[in-house]
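**Student:** Provided herewith: data.cif, mmCIF, C-alpha atoms and all ligand atoms.
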data_model
loop_
_atom_site.group_PDB
_atom_site.id
_atom_site.type_symbol
_atom_site.label_atom_id
_atom_site.label_comp_id
_atom_site.auth_asym_id
_atom_site.auth_seq_id
_atom_site.Cartn_x
_atom_site.Cartn_y
_atom_site.Cartn_z
ATOM 1 C CA MET T 116 0.987 -11.316 18.974
ATOM 2 C CA LEU T 117 1.833 -10.834 15.302
ATOM 3 C CA THR T 118 5.209 -11.472 13.722
ATOM 4 C CA PHE T 119 6.438 -10.435 10.288
ATOM 5 C CA THR T 120 8.523 -12.449 7.841
ATOM 6 C CA ALA T 121 9.873 -11.043 4.582
ATOM 7 C CA LEU T 122 9.624 -13.366 1.583
ATOM 8 C CA PRO T 123 11.920 -12.066 -1.177
ATOM 9 C CA ALA T 124 10.420 -11.835 -4.673
ATOM 10 C CA PHE T 125 11.800 -10.717 -8.047
ATOM 11 C CA ASN T 126 14.991 -8.622 -7.739
ATOM 12 C CA ASP T 127 14.236 -6.408 -4.797
ATOM 13 C CA ASN T 128 10.612 -6.900 -3.671
ATOM 14 C CA TYR T 129 9.533 -8.252 -0.305
ATOM 15 C CA ILE T 130 6.216 -9.983 0.277
ATOM 16 C CA TRP T 131 5.481 -9.521 3.984
ATOM 17 C CA LEU T 132 3.896 -12.464 5.684
ATOM 18 C CA ILE T 133 2.070 -11.325 8.826
ATOM 19 C CA GLN T 134 1.706 -14.220 11.225
ATOM 20 C CA ASP T 135 -0.570 -14.929 14.151
ATOM 21 C CA THR T 136 1.742 -17.467 15.758
ATOM 22 C CA GLN T 137 -0.814 -18.648 18.302
ATOM 23 C CA ARG T 138 -3.480 -19.624 15.803
ATOM 24 C CA GLN T 139 -1.037 -20.290 12.927
ATOM 25 C CA LEU T 140 -2.942 -17.974 10.603
ATOM 26 C CA CYS T 141 -1.208 -15.586 8.250
ATOM 27 C CA ALA T 142 -1.703 -12.767 5.756
ATOM 28 C CA ALA T 143 0.378 -11.954 2.659
ATOM 29 C CA VAL T 144 1.008 -8.342 1.666
ATOM 30 C CA ASP T 145 1.389 -7.346 -2.001
ATOM 31 C CA PRO T 146 2.161 -10.797 -3.419
ATOM 32 C CA GLY T 147 3.543 -9.874 -6.835
ATOM 33 C CA ASP T 148 4.457 -13.522 -7.216
ATOM 34 C CA ALA T 149 2.486 -16.398 -5.661
ATOM 35 C CA GLN T 150 5.393 -18.844 -5.555
ATOM 36 C CA PRO T 151 7.347 -17.567 -2.524
ATOM 37 C CA VAL T 152 4.118 -17.659 -0.472
ATOM 38 C CA LEU T 153 3.104 -21.102 -1.778
ATOM 39 C CA ASP T 154 6.601 -22.414 -0.988
ATOM 40 C CA TRP T 155 6.386 -21.025 2.550
ATOM 41 C CA LEU T 156 2.945 -22.591 3.059
ATOM 42 C CA ALA T 157 4.249 -25.924 1.734
ATOM 43 C CA ASP T 158 7.095 -25.738 4.287
ATOM 44 C CA HIS T 159 4.617 -24.855 7.063
ATOM 45 C CA PRO T 160 1.663 -27.207 6.466
ATOM 46 C CA GLN T 161 -0.073 -26.299 9.773
ATOM 47 C CA TRP T 162 -0.440 -22.705 8.698
ATOM 48 C CA GLN T 163 -3.391 -21.188 6.862
ATOM 49 C CA LEU T 164 -3.311 -18.081 4.669
ATOM 50 C CA THR T 165 -6.496 -16.190 5.533
ATOM 51 C CA ASP T 166 -5.849 -12.766 4.016
ATOM 52 C CA ILE T 167 -4.146 -11.027 1.117
ATOM 53 C CA LEU T 168 -3.607 -7.277 1.484
ATOM 54 C CA VAL T 169 -2.840 -5.092 -1.506
ATOM 55 C CA THR T 170 -1.567 -1.483 -1.409
ATOM 56 C CA HIS T 171 -1.781 -0.602 -5.140
ATOM 57 C CA TYR T 172 -2.280 -2.138 -8.570
ATOM 58 C CA HIS T 173 1.304 -2.328 -9.939
ATOM 59 C CA HIS T 174 2.088 -5.758 -11.322
ATOM 60 C CA ASP T 175 4.911 -6.504 -8.878
ATOM 61 C CA HIS T 176 2.314 -6.150 -6.093
ATOM 62 C CA ILE T 177 -0.656 -8.058 -7.547
ATOM 63 C CA GLY T 178 0.829 -10.641 -9.954
ATOM 64 C CA GLY T 179 0.331 -13.529 -7.519
ATOM 65 C CA VAL T 180 -3.029 -12.520 -6.027
ATOM 66 C CA SER T 181 -5.359 -14.669 -8.150
ATOM 67 C CA THR T 182 -3.183 -17.799 -7.923
ATOM 68 C CA LEU T 183 -2.951 -17.457 -4.137
ATOM 69 C CA LYS T 184 -6.665 -16.787 -3.836
ATOM 70 C CA GLU T 185 -7.435 -19.917 -5.834
ATOM 71 C CA ALA T 186 -5.019 -22.035 -3.809
ATOM 72 C CA THR T 187 -6.079 -20.822 -0.356
ATOM 73 C CA GLN T 188 -9.453 -19.011 -0.578
ATOM 74 C CA ALA T 189 -7.839 -16.153 1.349
ATOM 75 C CA LYS T 190 -9.801 -12.908 1.473
ATOM 76 C CA VAL T 191 -8.381 -10.199 -0.804
ATOM 77 C CA THR T 192 -8.437 -6.629 0.537
ATOM 78 C CA GLY T 193 -7.246 -3.759 -1.634
ATOM 79 C CA PRO T 194 -7.769 -0.188 -2.804
ATOM 80 C CA ALA T 195 -11.302 0.599 -3.964
ATOM 81 C CA ARG T 196 -10.089 3.113 -6.535
ATOM 82 C CA GLU T 197 -7.876 0.688 -8.440
ATOM 83 C CA THR T 198 -8.386 -2.530 -10.405
ATOM 84 C CA ILE T 199 -7.212 -5.395 -8.204
ATOM 85 C CA PRO T 200 -7.741 -9.014 -9.306
ATOM 86 C CA SER T 201 -9.997 -11.241 -7.166
ATOM 87 C CA LEU T 202 -10.800 -8.314 -4.857
ATOM 88 C CA ASP T 203 -13.221 -9.240 -2.045
ATOM 89 C CA LEU T 204 -13.047 -6.147 0.146
ATOM 90 C CA PRO T 205 -12.453 -2.756 -1.538
ATOM 91 C CA VAL T 206 -11.119 -0.272 1.029
ATOM 92 C CA ASP T 207 -10.640 3.463 1.149
ATOM 93 C CA GLU T 208 -9.761 6.337 3.464
ATOM 94 C CA GLY T 209 -11.109 6.079 6.991
ATOM 95 C CA MET T 210 -12.093 2.431 6.898
ATOM 96 C CA HIS T 211 -11.161 -0.011 9.649
ATOM 97 C CA ILE T 212 -10.685 -3.654 8.808
ATOM 98 C CA ASP T 213 -10.070 -6.725 10.897
ATOM 99 C CA LEU T 214 -6.808 -8.496 10.148
ATOM 100 C CA LEU T 215 -6.003 -11.645 12.135
ATOM 101 C CA GLY T 216 -8.081 -10.284 15.015
ATOM 102 C CA HIS T 217 -6.435 -6.845 14.963
ATOM 103 C CA THR T 218 -8.036 -3.579 13.910
ATOM 104 C CA VAL T 219 -6.222 -1.996 10.980
ATOM 105 C CA GLN T 220 -6.825 1.520 9.680
ATOM 106 C CA VAL T 221 -6.834 2.341 5.983
ATOM 107 C CA PHE T 222 -5.230 5.561 4.748
ATOM 108 C CA ALA T 223 -5.566 6.850 1.199
ATOM 109 C CA VAL T 224 -2.020 7.926 0.236
ATOM 110 C CA PRO T 225 -2.156 9.143 -3.377
ATOM 111 C CA GLY T 226 1.031 10.037 -5.247
ATOM 112 C CA HIS T 227 2.865 6.906 -6.394
ATOM 113 C CA THR T 228 -0.496 5.824 -7.828
ATOM 114 C CA LEU T 229 -3.739 7.728 -7.329
ATOM 115 C CA GLY T 230 -5.540 4.935 -5.470
ATOM 116 C CA HIS T 231 -2.633 3.763 -3.287
ATOM 117 C CA VAL T 232 -3.612 2.831 0.271
ATOM 118 C CA ALA T 233 -1.520 2.201 3.404
ATOM 119 C CA TYR T 234 -2.494 0.027 6.370
ATOM 120 C CA PHE T 235 -1.797 1.083 9.953
ATOM 121 C CA CYS T 236 -2.302 -0.926 13.125
ATOM 122 C CA ASN T 237 -1.976 0.412 16.661
ATOM 123 C CA SER T 238 -3.505 -2.324 18.772
ATOM 124 C CA SER T 239 -2.531 -2.494 22.412
ATOM 125 C CA ASN T 240 -0.518 -5.737 22.401
ATOM 126 C CA ASN T 241 1.703 -4.878 19.410
ATOM 127 C CA GLN T 242 4.178 -2.151 18.582
ATOM 128 C CA PRO T 243 2.333 0.010 15.994
ATOM 129 C CA TRP T 244 3.064 -0.957 12.420
ATOM 130 C CA LEU T 245 2.510 0.433 8.957
ATOM 131 C CA LEU T 246 2.335 -1.257 5.572
ATOM 132 C CA SER T 247 3.476 1.607 3.365
ATOM 133 C CA GLY T 248 3.660 -0.142 -0.026
ATOM 134 C CA ASP T 249 5.547 2.005 -2.532
ATOM 135 C CA THR T 250 4.724 5.311 -0.816
ATOM 136 C CA LEU T 251 7.214 5.540 2.071
ATOM 137 C CA PHE T 252 10.450 3.590 1.677
ATOM 138 C CA ALA T 253 13.292 3.223 4.160
ATOM 139 C CA GLY T 254 15.314 6.379 3.510
ATOM 140 C CA GLY T 255 13.184 7.442 0.560
ATOM 141 C CA CYS T 256 9.814 7.352 -1.182
ATOM 142 C CA GLY T 257 8.232 5.886 -4.290
ATOM 143 C CA ARG T 258 8.316 7.559 -7.665
ATOM 144 C CA MET T 259 5.437 9.906 -8.334
ATOM 145 C CA PHE T 260 3.868 8.119 -11.288
ATOM 146 C CA GLU T 261 0.327 9.497 -11.081
ATOM 147 C CA GLY T 262 -0.039 12.105 -8.388
ATOM 148 C CA HIS T 263 1.309 15.622 -8.099
ATOM 149 C CA PRO T 264 3.852 16.842 -5.539
ATOM 150 C CA GLU T 265 1.391 18.523 -3.207
ATOM 151 C CA GLN T 266 -0.623 15.329 -3.005
ATOM 152 C CA MET T 267 2.299 12.973 -2.462
ATOM 153 C CA TYR T 268 3.925 15.305 0.058
ATOM 154 C CA ALA T 269 0.657 15.348 2.025
ATOM 155 C CA SER T 270 0.551 11.535 1.949
ATOM 156 C CA LEU T 271 4.130 11.254 3.227
ATOM 157 C CA SER T 272 3.627 13.920 5.892
ATOM 158 C CA ARG T 273 0.657 12.036 7.202
ATOM 159 C CA LEU T 274 2.697 8.850 7.557
ATOM 160 C CA ALA T 275 5.493 10.850 9.216
ATOM 161 C CA ALA T 276 2.988 12.010 11.835
ATOM 162 C CA LEU T 277 2.360 8.453 13.051
ATOM 163 C CA PRO T 278 3.874 7.465 16.436
ATOM 164 C CA ASP T 279 7.686 7.513 16.471
ATOM 165 C CA ASP T 280 7.966 3.813 17.249
ATOM 166 C CA THR T 281 5.725 2.724 14.340
ATOM 167 C CA LEU T 282 7.470 -0.036 12.407
ATOM 168 C CA VAL T 283 7.523 0.654 8.669
ATOM 169 C CA TYR T 284 7.167 -2.338 6.370
ATOM 170 C CA CYS T 285 7.664 -1.194 2.800
ATOM 171 C CA THR T 286 7.896 -3.466 -0.205
ATOM 172 C CA HIS T 287 11.346 -2.899 -1.741
ATOM 173 C CA GLU T 288 14.991 -3.237 -0.726
ATOM 174 C CA TYR T 289 15.988 0.252 -1.868
ATOM 175 C CA THR T 290 17.451 1.490 1.410
ATOM 176 C CA LEU T 291 21.103 1.697 0.356
ATOM 177 C CA SER T 292 20.496 3.712 -2.823
ATOM 178 C CA ASN T 293 17.992 5.889 -0.955
ATOM 179 C CA LEU T 294 20.544 6.719 1.741
ATOM 180 C CA LEU T 295 23.223 7.539 -0.820
ATOM 181 C CA PHE T 296 20.814 10.119 -2.176
ATOM 182 C CA ALA T 297 19.961 11.310 1.356
ATOM 183 C CA GLN T 298 23.658 11.869 1.960
ATOM 184 C CA ALA T 299 23.956 13.896 -1.243
ATOM 185 C CA VAL T 300 21.143 16.140 0.015
ATOM 186 C CA GLU T 301 22.553 16.448 3.561
ATOM 187 C CA PRO T 302 26.273 15.598 3.576
ATOM 188 C CA SER T 303 26.658 16.782 7.186
ATOM 189 C CA ASN T 304 23.771 14.749 8.679
ATOM 190 C CA GLN T 305 25.382 12.308 11.155
ATOM 191 C CA ASP T 306 22.240 10.188 11.472
ATOM 192 C CA ILE T 307 22.294 9.552 7.731
ATOM 193 C CA GLN T 308 25.998 8.685 7.865
ATOM 194 C CA GLN T 309 25.437 6.272 10.724
ATOM 195 C CA ARG T 310 22.473 4.606 9.068
ATOM 196 C CA LEU T 311 24.388 4.349 5.797
ATOM 197 C CA ASP T 312 27.204 2.505 7.601
ATOM 198 C CA THR T 313 24.728 0.062 9.152
ATOM 199 C CA VAL T 314 22.871 -0.530 5.890
ATOM 200 C CA ARG T 315 26.107 -0.994 3.897
ATOM 201 C CA GLN T 316 27.143 -3.681 6.363
ATOM 202 C CA LEU T 317 23.754 -5.425 6.193
ATOM 203 C CA ARG T 318 23.746 -5.411 2.398
ATOM 204 C CA ALA T 319 27.330 -6.674 2.232
ATOM 205 C CA GLU T 320 26.006 -9.687 4.156
ATOM 206 C CA GLN T 321 22.927 -9.804 1.865
ATOM 207 C CA ARG T 322 20.658 -9.121 4.814
ATOM 208 C CA ILE T 323 17.388 -7.207 4.848
ATOM 209 C CA THR T 324 17.402 -3.557 5.972
ATOM 210 C CA LEU T 325 13.727 -3.542 7.020
ATOM 211 C CA PRO T 326 11.580 -2.780 8.880
ATOM 212 C CA SER T 327 12.355 0.820 9.549
ATOM 213 C CA TYR T 328 10.536 3.000 12.097
ATOM 214 C CA ILE T 329 9.076 6.468 11.876
ATOM 215 C CA ALA T 330 11.546 8.265 14.185
ATOM 216 C CA LEU T 331 14.489 6.976 12.129
ATOM 217 C CA GLU T 332 12.778 8.061 8.917
ATOM 218 C CA LYS T 333 12.224 11.557 10.288
ATOM 219 C CA ARG T 334 15.952 11.830 11.033
ATOM 220 C CA THR T 335 17.313 10.345 7.799
ATOM 221 C CA ASN T 336 14.739 10.418 4.994
ATOM 222 C CA PRO T 337 15.057 13.664 3.014
ATOM 223 C CA PHE T 338 11.477 13.421 1.738
ATOM 224 C CA LEU T 339 10.253 13.723 5.343
ATOM 225 C CA ARG T 340 12.664 16.581 6.039
ATOM 226 C CA CYS T 341 11.374 19.209 3.612
ATOM 227 C CA GLU T 342 10.973 21.684 6.504
ATOM 228 C CA ASP T 343 14.640 21.424 7.510
ATOM 229 C CA PRO T 344 16.630 24.553 6.548
ATOM 230 C CA ILE T 345 19.546 22.465 5.213
ATOM 231 C CA VAL T 346 17.233 20.402 3.011
ATOM 232 C CA ILE T 347 15.442 23.546 1.798
ATOM 233 C CA ARG T 348 18.823 25.071 0.958
ATOM 234 C CA ALA T 349 19.917 21.949 -0.961
ATOM 235 C CA ALA T 350 16.671 21.971 -2.982
ATOM 236 C CA GLU T 351 17.074 25.658 -3.698
ATOM 237 C CA GLU T 352 20.618 25.150 -4.963
ATOM 238 C CA LYS T 353 19.477 22.278 -7.154
ATOM 239 C CA SER T 354 16.483 24.030 -8.721
ATOM 240 C CA GLN T 355 17.818 27.590 -8.567
ATOM 241 C CA ILE T 356 14.345 28.607 -7.391
ATOM 242 C CA LYS T 357 13.523 29.730 -3.873
ATOM 243 C CA PRO T 358 10.770 27.391 -2.644
ATOM 244 C CA THR T 359 7.839 29.028 -0.878
ATOM 245 C CA GLN T 360 6.062 25.792 0.098
ATOM 246 C CA ASN T 361 7.338 22.547 1.610
ATOM 247 C CA TYR T 362 5.845 20.531 -1.221
ATOM 248 C CA GLU T 363 7.993 22.512 -3.670
ATOM 249 C CA VAL T 364 11.059 21.333 -1.764
ATOM 250 C CA PHE T 365 9.661 17.817 -2.027
ATOM 251 C CA ALA T 366 9.064 18.220 -5.796
ATOM 252 C CA THR T 367 12.693 19.256 -6.337
ATOM 253 C CA LEU T 368 14.015 16.349 -4.258
ATOM 254 C CA ARG T 369 11.764 13.859 -6.070
ATOM 255 C CA SER T 370 12.884 14.907 -9.549
ATOM 256 C CA TRP T 371 16.525 15.121 -8.376
ATOM 257 C CA LYS T 372 16.277 11.545 -7.095
ATOM 258 C CA ASP T 373 14.691 10.364 -10.377
ATOM 259 C CA THR T 374 17.987 11.028 -12.159
ATOM 260 C CA PHE T 375 20.415 10.458 -9.245
HETATM 261 ZN ZN ZN W 401 4.420 0.551 -7.367
#
Please render this file's structure as structure tokens.
**Tutor:**
Amino acid sequence: MLTFTALPAFNDNYIWLIQDTQRQLCAAVDPGDAQPVLDWLADHPQWQLTDILVTHYHHDHIGGVSTLKEATQAKVTGPARETIPSLDLPVDEGMHIDLLGHTVQVFAVPGHTLGHVAYFCNSSNNQPWLLSGDTLFAGGCGRMFEGHPEQMYASLSRLAALPDDTLVYCTHEYTLSNLLFAQAVEPSNQDIQQRLDTVRQLRAEQRITLPSYIALEKRTNPFLRCEDPIVIRAAEEKSQIKPTQNYEVFATLRSWKDTF
């Protein structure tokens, strides 16, 4: 049985600590800063960090990798197409890795960066889970720094096709601002309104809004709703161009959100 703990880092990052509570082994995901993980390990001296997983090369995801590797000798797994410090196991589309005794699938999800990978686990004794990095956020998606809309839309659609109960562990606390944008796109969507109320309350108490799950994202995340007539209409009004492809709807939403 694996459990997840969010270690806050910087302003709005989370470093997920995946824990095998039976064996007291753990893995850190995208440690942009080593200190929160080192502090946790110091507070839990029986525990051993065996793995570091990286989704993409941005500094707020890799800044702590080398320090942690040196301190713990944990194995570093990360995208083969990007430069990751202290990388032991380069991974790419279609690979399966072992993480704390569980089989994890690697998806290439280009768009935010070109080499970005996501990690998905659907082993029988756990609810399925996804480490989506900066690709799929709760209520939104990452900025498209390197890819093009067709590519990033394909990446997001693939994640949206995962089982409805898949838990989504992304790496930033952006949910509130994402949902404010979602509401601007679909003012009449009751699921968005309801989620916004919940998230506002959580943030007022300075609590985390994650993880999310795929079914909730499909109901409330505009970037996964580019086939919905209301979303298409909103994109058309914004761009004044009639979209002929879903990824064109996505492209309009993404650039709209960039300046929202
Ligand atoms: Zn990033």
**Student:** Counting all atoms listed in the file, give me one row per residue of chain T with an atom at most 8 Å from an atom of ligand ZN 401 (chain W), showing the shortest contact pair and its distance in Å to one decimal, sorted by chain then residue number, as CSV.
**Tutor:**
residue,atom,partner,partner_atom,distance
T:His171,CA,W:ZN401,ZN,6.7
T:Tyr172,CA,W:ZN401,ZN,7.3
T:His173,CA,W:ZN401,ZN,5.0
T:His174,CA,W:ZN401,ZN,7.8
T:Asp175,CA,W:ZN401,ZN,7.2
T:His176,CA,W:ZN401,ZN,7.1
T:His227,CA,W:ZN401,ZN,6.6
T:Thr228,CA,W:ZN401,ZN,7.2
T:Gly248,CA,W:ZN401,ZN,7.4
T:Asp249,CA,W:ZN401,ZN,5.2
T:Gly257,CA,W:ZN401,ZN,7.2
**Student:** Could you check how far CA of Gln220 in chain T sits from CA of Asn237 in chain T, in Å to one decimal?
**Tutor:** 8.6 Å
**Student:** Which of these residues is nearest to Arg369 in chain T, using only C-alpha atoms: T:Leu291, T:Met259, T:Ile329, T:Ala276?
**Tutor:** T:Met259
**Student:** I'd like the contact shell of range 195-203 of chain T - 7 Å cut-off, all atoms listed in the file, skipping same-chain residues fewer than 4 positions apart - returned as a count of residues only.
**Tutor:** 7
**Student:** Please list as a compact mmCIF listing (two decimals) with C-alpha atoms, in the coordinates of the input every residue within 9 Å of Gln134 in chain T, counting all atoms listed in the file and excluding residues in the same chain fewer than 2 positions away.
**Tutor:**
# COMPACT_ATOMS: atom_id res chain seq x y z
CA MET T 116 0.99 -11.32 18.97
CA LEU T 117 1.83 -10.83 15.30
CA THR T 118 5.21 -11.47 13.72
CA PHE T 119 6.44 -10.44 10.29
CA THR T 120 8.52 -12.45 7.84
CA LEU T 132 3.90 -12.46 5.68
CA THR T 136 1.74 -17.47 15.76
CA GLN T 137 -0.81 -18.65 18.30
CA ARG T 138 -3.48 -19.62 15.80
CA GLN T 139 -1.04 -20.29 12.93
CA LEU T 140 -2.94 -17.97 10.60
CA CYS T 141 -1.21 -15.59 8.25
CA ALA T 142 -1.70 -12.77 5.76
CA ALA T 143 0.38 -11.95 2.66
CA LEU T 215 -6.00 -11.64 12.14
